[in-house]
file data_37.cif (mmCIF, C-alpha atoms and all ligand atoms)
data_data
#
loop_
_atom_site.label_atom_id
_atom_site.label_comp_id
_atom_site.auth_asym_id
_atom_site.auth_seq_id
_atom_site.Cartn_x
_atom_site.Cartn_y
_atom_site.Cartn_z
CA MET A 1 -15.50 -3.97 25.22
CA ASP A 2 -15.67 -7.60 24.10
CA VAL A 3 -17.46 -9.91 26.47
CA GLN A 4 -17.81 -13.66 26.14
CA ILE A 5 -20.70 -15.60 27.64
CA ILE A 6 -19.53 -18.89 29.11
CA GLU A 7 -22.32 -21.42 28.83
CA ALA A 8 -22.68 -23.73 31.83
CA PRO A 9 -25.83 -25.13 33.45
CA ASP A 10 -27.05 -23.35 36.61
CA ALA A 11 -24.39 -20.68 36.16
CA GLU A 12 -24.21 -17.16 34.81
CA LEU A 13 -20.68 -16.43 33.65
CA ARG A 14 -19.31 -13.56 31.62
CA LEU A 15 -15.65 -13.04 30.73
CA TRP A 16 -14.01 -9.87 29.45
CA SER A 17 -10.55 -10.88 28.27
CA HIS A 18 -8.78 -7.51 28.47
CA ILE A 19 -10.37 -4.66 30.39
CA TYR A 20 -6.89 -3.11 30.87
CA SER A 21 -4.02 -2.97 28.37
CA ASP A 22 -0.81 -4.88 29.15
CA THR A 23 0.92 -1.59 30.08
CA GLU A 24 -1.91 -0.69 32.48
CA CYS A 25 -1.80 -4.21 33.93
CA CYS A 26 1.95 -3.93 34.69
CA HIS A 27 1.42 -0.55 36.32
CA LEU A 28 -1.56 -1.73 38.39
CA PHE A 29 0.23 -4.93 39.43
CA THR A 30 3.20 -2.92 40.78
CA GLU A 31 0.93 -0.39 42.45
CA LEU A 32 -1.20 -3.07 44.12
CA SER A 33 1.85 -5.12 45.22
CA HIS A 34 3.24 -2.09 47.05
CA SER A 35 0.12 -0.39 48.38
CA THR A 36 -1.67 -3.49 49.71
CA PRO A 37 -1.29 -4.38 53.42
CA TRP A 38 -0.79 -8.12 52.73
CA ARG A 39 -1.64 -10.49 55.57
CA GLN A 40 -0.75 -14.10 56.11
CA ASP A 41 -4.05 -15.46 57.36
CA GLN A 42 -4.40 -18.86 58.95
CA ILE A 43 -6.96 -21.61 58.84
CA GLN A 44 -7.74 -24.04 61.65
CA ILE A 45 -8.05 -27.73 60.75
CA PHE A 46 -8.62 -30.28 63.55
CA GLY A 47 -7.42 -27.76 66.13
CA LYS A 48 -4.17 -27.02 64.31
CA GLN A 49 -3.32 -23.70 62.67
CA PHE A 50 -2.07 -23.65 59.08
CA ASP A 51 -0.98 -20.74 56.91
CA LEU A 52 -3.28 -20.16 53.94
CA PRO A 53 -1.31 -20.83 50.75
CA ARG A 54 -1.50 -17.19 49.62
CA LEU A 55 -1.50 -13.67 51.07
CA GLN A 56 -4.74 -11.68 51.38
CA SER A 57 -6.14 -8.26 52.00
CA TRP A 58 -9.73 -7.27 52.57
CA HIS A 59 -11.06 -3.78 51.83
CA ALA A 60 -14.60 -2.57 52.41
CA ASN A 61 -16.81 0.32 53.31
CA PRO A 62 -16.43 1.20 57.00
CA GLY A 63 -18.48 -0.92 59.41
CA LEU A 64 -18.64 -4.05 57.24
CA SER A 65 -17.06 -7.29 58.34
CA THR A 66 -17.02 -10.79 56.93
CA LYS A 67 -15.77 -14.29 57.51
CA TYR A 68 -13.68 -16.05 54.93
CA SER A 69 -12.91 -19.77 55.39
CA GLY A 70 -14.06 -19.29 59.00
CA ILE A 71 -11.63 -16.41 59.56
CA GLU A 72 -13.09 -13.10 60.70
CA LEU A 73 -11.64 -10.41 58.46
CA LEU A 74 -11.64 -6.78 59.55
CA PRO A 75 -11.65 -4.53 56.52
CA SER A 76 -8.94 -2.09 55.51
CA PRO A 77 -10.14 1.16 53.93
CA TRP A 78 -10.42 1.68 50.17
CA THR A 79 -7.28 3.11 48.56
CA PRO A 80 -7.39 5.49 45.56
CA VAL A 81 -6.24 2.76 43.15
CA LEU A 82 -8.88 0.33 44.42
CA LEU A 83 -11.61 2.95 44.06
CA ASP A 84 -10.50 3.62 40.45
CA ILE A 85 -10.66 -0.09 39.65
CA LYS A 86 -14.02 -0.47 41.43
CA GLU A 87 -15.53 2.32 39.32
CA LYS A 88 -14.47 0.59 36.10
CA ILE A 89 -15.75 -2.82 37.23
CA GLU A 90 -19.07 -1.33 38.30
CA ALA A 91 -19.54 0.35 34.91
CA LEU A 92 -18.85 -2.90 33.04
CA SER A 93 -20.87 -5.18 35.29
CA GLN A 94 -23.71 -2.74 35.92
CA HIS A 95 -23.52 -3.74 39.58
CA SER A 96 -22.27 -1.92 42.66
CA PHE A 97 -19.83 -3.45 45.14
CA ASN A 98 -18.94 -2.49 48.71
CA SER A 99 -15.93 -4.73 49.30
CA VAL A 100 -13.01 -6.49 47.66
CA LEU A 101 -10.92 -9.48 48.71
CA ILE A 102 -7.42 -9.39 47.21
CA ASN A 103 -5.32 -12.53 46.90
CA LEU A 104 -1.60 -12.67 46.15
CA TYR A 105 -0.39 -16.00 44.74
CA ARG A 106 3.38 -15.64 45.20
CA ASP A 107 4.30 -18.63 43.01
CA GLY A 108 2.92 -21.90 41.61
CA GLN A 109 2.74 -23.41 45.09
CA ASP A 110 0.22 -20.81 46.23
CA SER A 111 -3.39 -21.83 45.58
CA ASN A 112 -7.04 -21.52 46.58
CA GLY A 113 -8.93 -24.73 47.44
CA TRP A 114 -12.37 -25.79 46.21
CA HIS A 115 -15.05 -23.48 47.60
CA ALA A 116 -18.06 -21.36 46.67
CA ASP A 117 -18.44 -17.72 47.59
CA ASN A 118 -21.56 -18.49 49.58
CA GLU A 119 -20.96 -16.81 52.92
CA PRO A 120 -24.31 -15.70 54.44
CA GLU A 121 -23.29 -12.02 54.33
CA LEU A 122 -23.14 -12.22 50.52
CA GLY A 123 -26.86 -13.02 50.40
CA GLN A 124 -28.63 -15.17 47.79
CA ASN A 125 -27.24 -15.29 44.24
CA PRO A 126 -24.28 -12.98 44.86
CA VAL A 127 -22.60 -11.17 41.98
CA ILE A 128 -18.83 -11.65 42.19
CA ALA A 129 -16.47 -9.80 39.86
CA SER A 130 -13.01 -11.33 39.64
CA LEU A 131 -10.14 -9.31 38.14
CA SER A 132 -6.67 -10.74 37.55
CA PHE A 133 -3.20 -9.24 37.20
CA GLY A 134 0.21 -10.86 36.77
CA ALA A 135 0.74 -14.52 35.90
CA THR A 136 -1.97 -16.49 34.09
CA ARG A 137 -3.38 -19.18 36.39
CA ARG A 138 -5.98 -21.86 35.76
CA PHE A 139 -9.38 -21.24 37.34
CA ARG A 140 -11.38 -24.45 37.58
CA MET A 141 -15.07 -24.88 38.28
CA LYS A 142 -17.04 -28.02 39.12
CA HIS A 143 -20.79 -28.48 39.40
CA LEU A 144 -21.82 -29.98 42.74
CA GLU A 145 -23.91 -32.60 40.95
CA THR A 146 -21.19 -33.59 38.49
CA LYS A 147 -21.60 -37.31 39.13
CA GLU A 148 -25.40 -37.47 38.94
CA ARG A 149 -25.80 -35.20 35.94
CA SER A 150 -22.38 -35.61 34.25
CA ILE A 151 -21.93 -31.89 33.85
CA PRO A 152 -18.46 -31.19 32.49
CA PRO A 153 -16.16 -28.99 34.55
CA VAL A 154 -15.20 -25.50 33.38
CA SER A 155 -11.57 -24.51 33.09
CA LEU A 156 -10.43 -20.97 32.33
CA ASP A 157 -6.90 -19.61 32.06
CA LEU A 158 -7.38 -16.19 33.60
CA GLN A 159 -4.99 -13.76 31.95
CA GLN A 160 -3.89 -10.39 33.20
CA GLY A 161 -6.54 -7.74 32.67
CA SER A 162 -9.36 -10.30 32.48
CA LEU A 163 -12.62 -9.84 34.35
CA LEU A 164 -14.81 -12.84 35.18
CA LEU A 165 -18.33 -12.12 36.38
CA MET A 166 -20.12 -14.87 38.31
CA ALA A 167 -23.82 -14.26 38.95
CA GLY A 168 -27.22 -15.98 39.17
CA HIS A 169 -27.12 -19.39 40.85
CA THR A 170 -23.39 -19.94 40.19
CA GLN A 171 -22.36 -19.96 43.87
CA SER A 172 -25.16 -22.39 44.85
CA TYR A 173 -24.41 -25.03 42.21
CA TRP A 174 -20.69 -24.66 41.49
CA GLN A 175 -17.40 -24.59 43.35
CA HIS A 176 -14.20 -23.04 42.05
CA CYS A 177 -10.49 -23.20 42.81
CA ILE A 178 -7.02 -22.16 41.71
CA THR A 179 -4.81 -25.24 41.62
CA LYS A 180 -1.11 -25.39 42.34
CA THR A 181 1.17 -25.76 39.35
CA ALA A 182 4.62 -27.34 39.12
CA LYS A 183 5.50 -24.81 36.40
CA THR A 184 7.58 -21.80 37.37
CA VAL A 185 5.10 -18.93 37.46
CA GLU A 186 5.38 -15.28 38.35
CA PRO A 187 3.17 -13.84 41.10
CA ARG A 188 -0.51 -13.21 40.43
CA ILE A 189 -2.91 -10.77 42.08
CA ASN A 190 -6.65 -11.45 41.96
CA LEU A 191 -9.35 -9.11 43.22
CA THR A 192 -12.87 -10.35 43.87
CA PHE A 193 -15.37 -7.52 44.23
CA ARG A 194 -18.35 -8.46 46.38
CA THR A 195 -21.46 -6.95 47.92
CA ILE A 196 -21.85 -7.52 51.64
CA ILE A 197 -25.40 -7.39 52.90
CA ASN A 198 -25.86 -6.51 56.55
CA VAL A 199 -27.31 -9.64 58.17
O1 LIG A 201 -7.86 -16.17 42.44
C1 LIG A 201 -8.93 -16.38 41.86
O2 LIG A 201 -9.06 -16.32 40.63
C2 LIG A 201 -10.14 -16.77 42.67
C3 LIG A 201 -10.17 -16.19 44.06
C4 LIG A 201 -11.35 -16.68 44.83
O3 LIG A 201 -12.05 -17.56 44.42
C5 LIG A 201 -11.70 -16.07 46.11
O4 LIG A 201 -10.93 -15.27 46.64
O5 LIG A 201 -12.77 -16.38 46.63
MN MN A 202 -14.00 -17.64 45.47
#

call {"tool": "encode", "arguments": {"input": "data_37.cif", "output": "structure tokens"}}
result
Amino acid sequence: MDVQIIEAPDAELRLWSHIYSDTECCHLFTELSHSTPWRQDQIQIFGKQFDLPRLQSWHANPGLSTKYSGIELLPSPWTPVLLDIKEKIEALSQHSFNSVLINLYRDGQDSNGWHADNEPELGQNPVIASLSFGATRRFRMKHLETKERSIPPVSLDLQQGSLLLMAGHTQSYWQHCITKTAKTVEPRINLTFRTIINV
């Protein structure tokens, strides 16, 4: 399967553009939309509660828990479709994962703000495998020392069936986000496979 190395300083990025066919993507999108127990999580800013601009679901091996944007997430169990996908991602990435965070971006107004996947329970230099279904959305990355070192940002239009692997020092030096778009876009589902280390 064709993999592209994306060159960026202090990052290790690999992109497979189509690990599933368009037919498989449509099927998996429908299956995931229906079988996922979507939750509207909230974030607290200056004592006020706000809805996150997307729906989420967190699945992991029993006994694991994590915090995401300061929110404690209790895991749901793996479903057969998620285990099938996990097996494929593990074969391609040569890495094993024990959890997945699923995001549903309902339309162009749903988004994911600038952040790094650097929660302590992911350990040092985590390997994150990000799989997308549904609408193409722009994934942007910025180096934390952009100003000092004038490192250009990275911008990727993640299409359905694409797998982006982030490894090495990526989460220490770079942040990423999914910006809102004024364009009319169909829903998008993104799965980030992660390895939680018991801390
Ligand atoms: O939706 C995406 O492509 C990225 C999701 C993400 O960064 C996350 O859930 O941590
Ligand atoms: Mn992330």

call {"tool": "residues_near_ligand", "arguments": {"input": "data_37.cif", "ligand": "ligand LIG 201 (chain A)", "cutoff": "6 Å", "atoms": "only C-alpha atoms and all ligand atoms", "output": "list in words"}}
result
Asp117, Phe139, Asn190 and Thr192 of chain A

call {"tool": "closest_atom_pairs", "arguments": {"input": "data_37.cif", "of": "chain A", "to": "ligand MN 202 (chain A)", "cutoff": "12 Å", "atoms": "only C-alpha atoms and all ligand atoms", "output": "Markdown table"}}
result
| residue | atom | partner | partner_atom | distance |
| --- | --- | --- | --- | --- |
| A:Tyr68 | CA | A:MN202 | MN | 9.6 |
| A:Ser69 | CA | A:MN202 | MN | 10.2 |
| A:Val100 | CA | A:MN202 | MN | 11.4 |
| A:Leu101 | CA | A:MN202 | MN | 9.3 |
| A:Ile102 | CA | A:MN202 | MN | 10.7 |
| A:Asn103 | CA | A:MN202 | MN | 10.2 |
| A:Ser111 | CA | A:MN202 | MN | 11.4 |
| A:Asn112 | CA | A:MN202 | MN | 8.0 |
| A:Gly113 | CA | A:MN202 | MN | 8.9 |
| A:Trp114 | CA | A:MN202 | MN | 8.3 |
| A:His115 | CA | A:MN202 | MN | 6.3 |
| A:Ala116 | CA | A:MN202 | MN | 5.6 |
| A:Asp117 | CA | A:MN202 | MN | 4.9 |
| A:Asn118 | CA | A:MN202 | MN | 8.6 |
| A:Glu119 | CA | A:MN202 | MN | 10.2 |
| A:Leu122 | CA | A:MN202 | MN | 11.8 |
| A:Pro126 | CA | A:MN202 | MN | 11.3 |
| A:Val127 | CA | A:MN202 | MN | 11.3 |
| A:Ile128 | CA | A:MN202 | MN | 8.4 |
| A:Ala129 | CA | A:MN202 | MN | 10.0 |
| A:Ser130 | CA | A:MN202 | MN | 8.6 |
| A:Leu131 | CA | A:MN202 | MN | 11.7 |
| A:Phe139 | CA | A:MN202 | MN | 10.0 |
| A:Arg140 | CA | A:MN202 | MN | 10.7 |
| A:Met141 | CA | A:MN202 | MN | 10.3 |
| A:Leu164 | CA | A:MN202 | MN | 11.4 |
| A:Leu165 | CA | A:MN202 | MN | 11.5 |
| A:Met166 | CA | A:MN202 | MN | 9.8 |
| A:Thr170 | CA | A:MN202 | MN | 11.0 |
| A:Gln171 | CA | A:MN202 | MN | 8.8 |
| A:Trp174 | CA | A:MN202 | MN | 10.5 |
| A:Gln175 | CA | A:MN202 | MN | 8.0 |
| A:His176 | CA | A:MN202 | MN | 6.4 |
| A:Cys177 | CA | A:MN202 | MN | 7.1 |
| A:Ile178 | CA | A:MN202 | MN | 9.1 |
| A:Asn190 | CA | A:MN202 | MN | 10.2 |
| A:Leu191 | CA | A:MN202 | MN | 10.0 |
| A:Thr192 | CA | A:MN202 | MN | 7.5 |
| A:Phe193 | CA | A:MN202 | MN | 10.3 |
| A:Arg194 | CA | A:MN202 | MN | 10.2 |

call {"tool": "closest_residue", "arguments": {"input": "data_37.cif", "among": "A:Asp107, A:Glu148, A:Asp157, A:Glu24", "to": "Arg188 (chain A)", "atoms": "only C-alpha atoms"}}
result
A:Asp107

call {"tool": "atom_distance", "arguments": {"input": "data_37.cif", "atom1": "CA of Ile5 (chain A)", "atom2": "CA of His169 (chain A)"}}
result
15.2 Å

call {"tool": "residues_around", "arguments": {"input": "data_37.cif", "residues": "region 27-44 of chain A", "least_positions_apart": "3", "cutoff": "8 Å", "atoms": "all atoms listed in the file", "output": "list in words"}}
result
Thr23, Glu24, Gly47, Lys48, Gln49, Phe50, Asp51, Leu52, Arg54, Leu55, Gln56, Ser57, Ser69, Gly70, Ile71, Val81, Phe133, Gly134 and Ile189 of chain A

call {"tool": "closest_residue", "arguments": {"input": "data_37.cif", "among": "A:Pro153, A:Arg106, A:Ser162, A:Lys142", "to": "Thr184 (chain A)", "atoms": "all atoms listed in the file"}}
result
A:Arg106

call {"tool": "atom_distance", "arguments": {"input": "data_37.cif", "atom1": "CA of Ser21 (chain A)", "atom2": "CA of Asp84 (chain A)"}}
result
15.2 Å

call {"tool": "atom_distance", "arguments": {"input": "data_37.cif", "atom1": "CA of Cys25 (chain A)", "atom2": "CA of Asn61 (chain A)"}}
result
24.9 Å

call {"tool": "residues_near_point", "arguments": {"input": "data_37.cif", "point": "(-18.5, -2.0, 57.9)", "cutoff": "12 Å", "atoms": "all atoms listed in the file", "output": "PyMOL selection string"}}
result
chain A and resi 58-66+73-78+98-99+121+195-199

call {"tool": "closest_residue", "arguments": {"input": "data_37.cif", "among": "A:Ala135, A:Val154, A:Leu163, A:Ala8", "to": "Pro187 (chain A)", "atoms": "only C-alpha atoms"}}
result
A:Ala135

call {"tool": "axis_aligned_box", "arguments": {"input": "data_37.cif", "around": "region 60-67 of chain A", "padding_each_side": "8 Å", "output": "JSON"}}
result
{"center_x": -16.6, "center_y": -6.5, "center_z": 55.9, "size_x": 20.0, "size_y": 31.5, "size_z": 23.0}

call {"tool": "closest_residue", "arguments": {"input": "data_37.cif", "among": "A:Ile6, A:Ala11, A:Gln94, A:Glu87", "to": "His143 (chain A)", "atoms": "all atoms listed in the file"}}
result
A:Ala11

call {"tool": "closest_residue", "arguments": {"input": "data_37.cif", "among": "A:Thr79, A:Thr136, A:Ser172, A:Gln159", "to": "Tyr20 (chain A)", "atoms": "only C-alpha atoms"}}
result
A:Gln159

call {"tool": "closest_residue", "arguments": {"input": "data_37.cif", "among": "A:Ser17, A:Ser93, A:Ser155, A:Gln4", "to": "Arg137 (chain A)", "atoms": "all atoms listed in the file"}}
result
A:Ser155

call {"tool": "build_atoms", "arguments": {"input": "data_37.cif", "residues": "region 174-199 of chain A", "atoms": "N, CA and C atoms", "output": "PDB file, in the frame of the given file"}}
result
ATOM      1  N   TRP A 174     -22.064 -24.423  41.938  1.00  0.00           N
ATOM      2  CA  TRP A 174     -20.690 -24.660  41.490  1.00  0.00           C
ATOM      3  C   TRP A 174     -19.685 -24.290  42.572  1.00  0.00           C
ATOM      4  N   GLN A 175     -18.556 -25.011  42.560  1.00  0.00           N
ATOM      5  CA  GLN A 175     -17.400 -24.590  43.350  1.00  0.00           C
ATOM      6  C   GLN A 175     -16.284 -24.224  42.393  1.00  0.00           C
ATOM      7  N   HIS A 176     -15.340 -23.437  42.892  1.00  0.00           N
ATOM      8  CA  HIS A 176     -14.200 -23.040  42.050  1.00  0.00           C
ATOM      9  C   HIS A 176     -12.909 -23.114  42.842  1.00  0.00           C
ATOM     10  N   CYS A 177     -11.795 -23.150  42.131  1.00  0.00           N
ATOM     11  CA  CYS A 177     -10.490 -23.200  42.810  1.00  0.00           C
ATOM     12  C   CYS A 177      -9.391 -22.717  41.869  1.00  0.00           C
ATOM     13  N   ILE A 178      -8.246 -22.431  42.464  1.00  0.00           N
ATOM     14  CA  ILE A 178      -7.020 -22.160  41.710  1.00  0.00           C
ATOM     15  C   ILE A 178      -6.037 -23.235  42.156  1.00  0.00           C
ATOM     16  N   THR A 179      -5.685 -24.126  41.233  1.00  0.00           N
ATOM     17  CA  THR A 179      -4.810 -25.240  41.620  1.00  0.00           C
ATOM     18  C   THR A 179      -3.347 -24.827  41.605  1.00  0.00           C
ATOM     19  N   LYS A 180      -2.565 -25.576  42.372  1.00  0.00           N
ATOM     20  CA  LYS A 180      -1.110 -25.390  42.340  1.00  0.00           C
ATOM     21  C   LYS A 180      -0.602 -25.803  40.971  1.00  0.00           C
ATOM     22  N   THR A 181       0.554 -25.290  40.585  1.00  0.00           N
ATOM     23  CA  THR A 181       1.170 -25.760  39.350  1.00  0.00           C
ATOM     24  C   THR A 181       2.664 -25.990  39.596  1.00  0.00           C
ATOM     25  N   ALA A 182       3.197 -27.040  38.976  1.00  0.00           N
ATOM     26  CA  ALA A 182       4.620 -27.340  39.120  1.00  0.00           C
ATOM     27  C   ALA A 182       5.464 -26.423  38.237  1.00  0.00           C
ATOM     28  N   LYS A 183       4.782 -25.742  37.290  1.00  0.00           N
ATOM     29  CA  LYS A 183       5.500 -24.810  36.400  1.00  0.00           C
ATOM     30  C   LYS A 183       6.022 -23.626  37.208  1.00  0.00           C
ATOM     31  N   THR A 184       7.097 -23.021  36.733  1.00  0.00           N
ATOM     32  CA  THR A 184       7.580 -21.800  37.370  1.00  0.00           C
ATOM     33  C   THR A 184       6.683 -20.664  36.910  1.00  0.00           C
ATOM     34  N   VAL A 185       5.970 -20.042  37.850  1.00  0.00           N
ATOM     35  CA  VAL A 185       5.100 -18.930  37.460  1.00  0.00           C
ATOM     36  C   VAL A 185       5.393 -17.699  38.303  1.00  0.00           C
ATOM     37  N   GLU A 186       5.218 -16.574  37.673  1.00  0.00           N
ATOM     38  CA  GLU A 186       5.380 -15.280  38.350  1.00  0.00           C
ATOM     39  C   GLU A 186       4.196 -15.085  39.299  1.00  0.00           C
ATOM     40  N   PRO A 187       4.299 -14.098  40.192  1.00  0.00           N
ATOM     41  CA  PRO A 187       3.170 -13.840  41.100  1.00  0.00           C
ATOM     42  C   PRO A 187       1.911 -13.390  40.353  1.00  0.00           C
ATOM     43  N   ARG A 188       0.782 -13.620  40.985  1.00  0.00           N
ATOM     44  CA  ARG A 188      -0.510 -13.210  40.430  1.00  0.00           C
ATOM     45  C   ARG A 188      -1.322 -12.512  41.524  1.00  0.00           C
ATOM     46  N   ILE A 189      -1.994 -11.445  41.153  1.00  0.00           N
ATOM     47  CA  ILE A 189      -2.910 -10.770  42.080  1.00  0.00           C
ATOM     48  C   ILE A 189      -4.316 -10.895  41.522  1.00  0.00           C
ATOM     49  N   ASN A 190      -5.244 -11.346  42.366  1.00  0.00           N
ATOM     50  CA  ASN A 190      -6.650 -11.450  41.960  1.00  0.00           C
ATOM     51  C   ASN A 190      -7.502 -10.643  42.934  1.00  0.00           C
ATOM     52  N   LEU A 191      -8.433  -9.893  42.378  1.00  0.00           N
ATOM     53  CA  LEU A 191      -9.350  -9.110  43.220  1.00  0.00           C
ATOM     54  C   LEU A 191     -10.761  -9.615  42.977  1.00  0.00           C
ATOM     55  N   THR A 192     -11.459 -10.009  44.047  1.00  0.00           N
ATOM     56  CA  THR A 192     -12.870 -10.350  43.870  1.00  0.00           C
ATOM     57  C   THR A 192     -13.723  -9.282  44.554  1.00  0.00           C
ATOM     58  N   PHE A 193     -14.452  -8.546  43.731  1.00  0.00           N
ATOM     59  CA  PHE A 193     -15.370  -7.520  44.230  1.00  0.00           C
ATOM     60  C   PHE A 193     -16.668  -8.208  44.634  1.00  0.00           C
ATOM     61  N   ARG A 194     -17.185  -7.804  45.787  1.00  0.00           N
ATOM     62  CA  ARG A 194     -18.350  -8.460  46.380  1.00  0.00           C
ATOM     63  C   ARG A 194     -19.291  -7.413  46.982  1.00  0.00           C
ATOM     64  N   THR A 195     -20.518  -7.825  47.227  1.00  0.00           N
ATOM     65  CA  THR A 195     -21.460  -6.950  47.920  1.00  0.00           C
ATOM     66  C   THR A 195     -21.888  -7.609  49.221  1.00  0.00           C
ATOM     67  N   ILE A 196     -21.490  -7.011  50.318  1.00  0.00           N
ATOM     68  CA  ILE A 196     -21.850  -7.520  51.640  1.00  0.00           C
ATOM     69  C   ILE A 196     -23.211  -6.940  52.023  1.00  0.00           C
ATOM     70  N   ILE A 197     -24.085  -7.835  52.451  1.00  0.00           N
ATOM     71  CA  ILE A 197     -25.400  -7.390  52.900  1.00  0.00           C
ATOM     72  C   ILE A 197     -25.385  -7.474  54.413  1.00  0.00           C
ATOM     73  N   ASN A 198     -25.846  -6.463  55.085  1.00  0.00           N
ATOM     74  CA  ASN A 198     -25.860  -6.510  56.550  1.00  0.00           C
ATOM     75  C   ASN A 198     -26.886  -7.527  57.027  1.00  0.00           C
ATOM     76  N   VAL A 199     -26.382  -8.593  57.702  1.00  0.00           N
ATOM     77  CA  VAL A 199     -27.310  -9.640  58.170  1.00  0.00           C
ATOM     78  C   VAL A 199     -27.481  -9.580  59.676  1.00  0.00           C
TER      79      VAL A 199
END
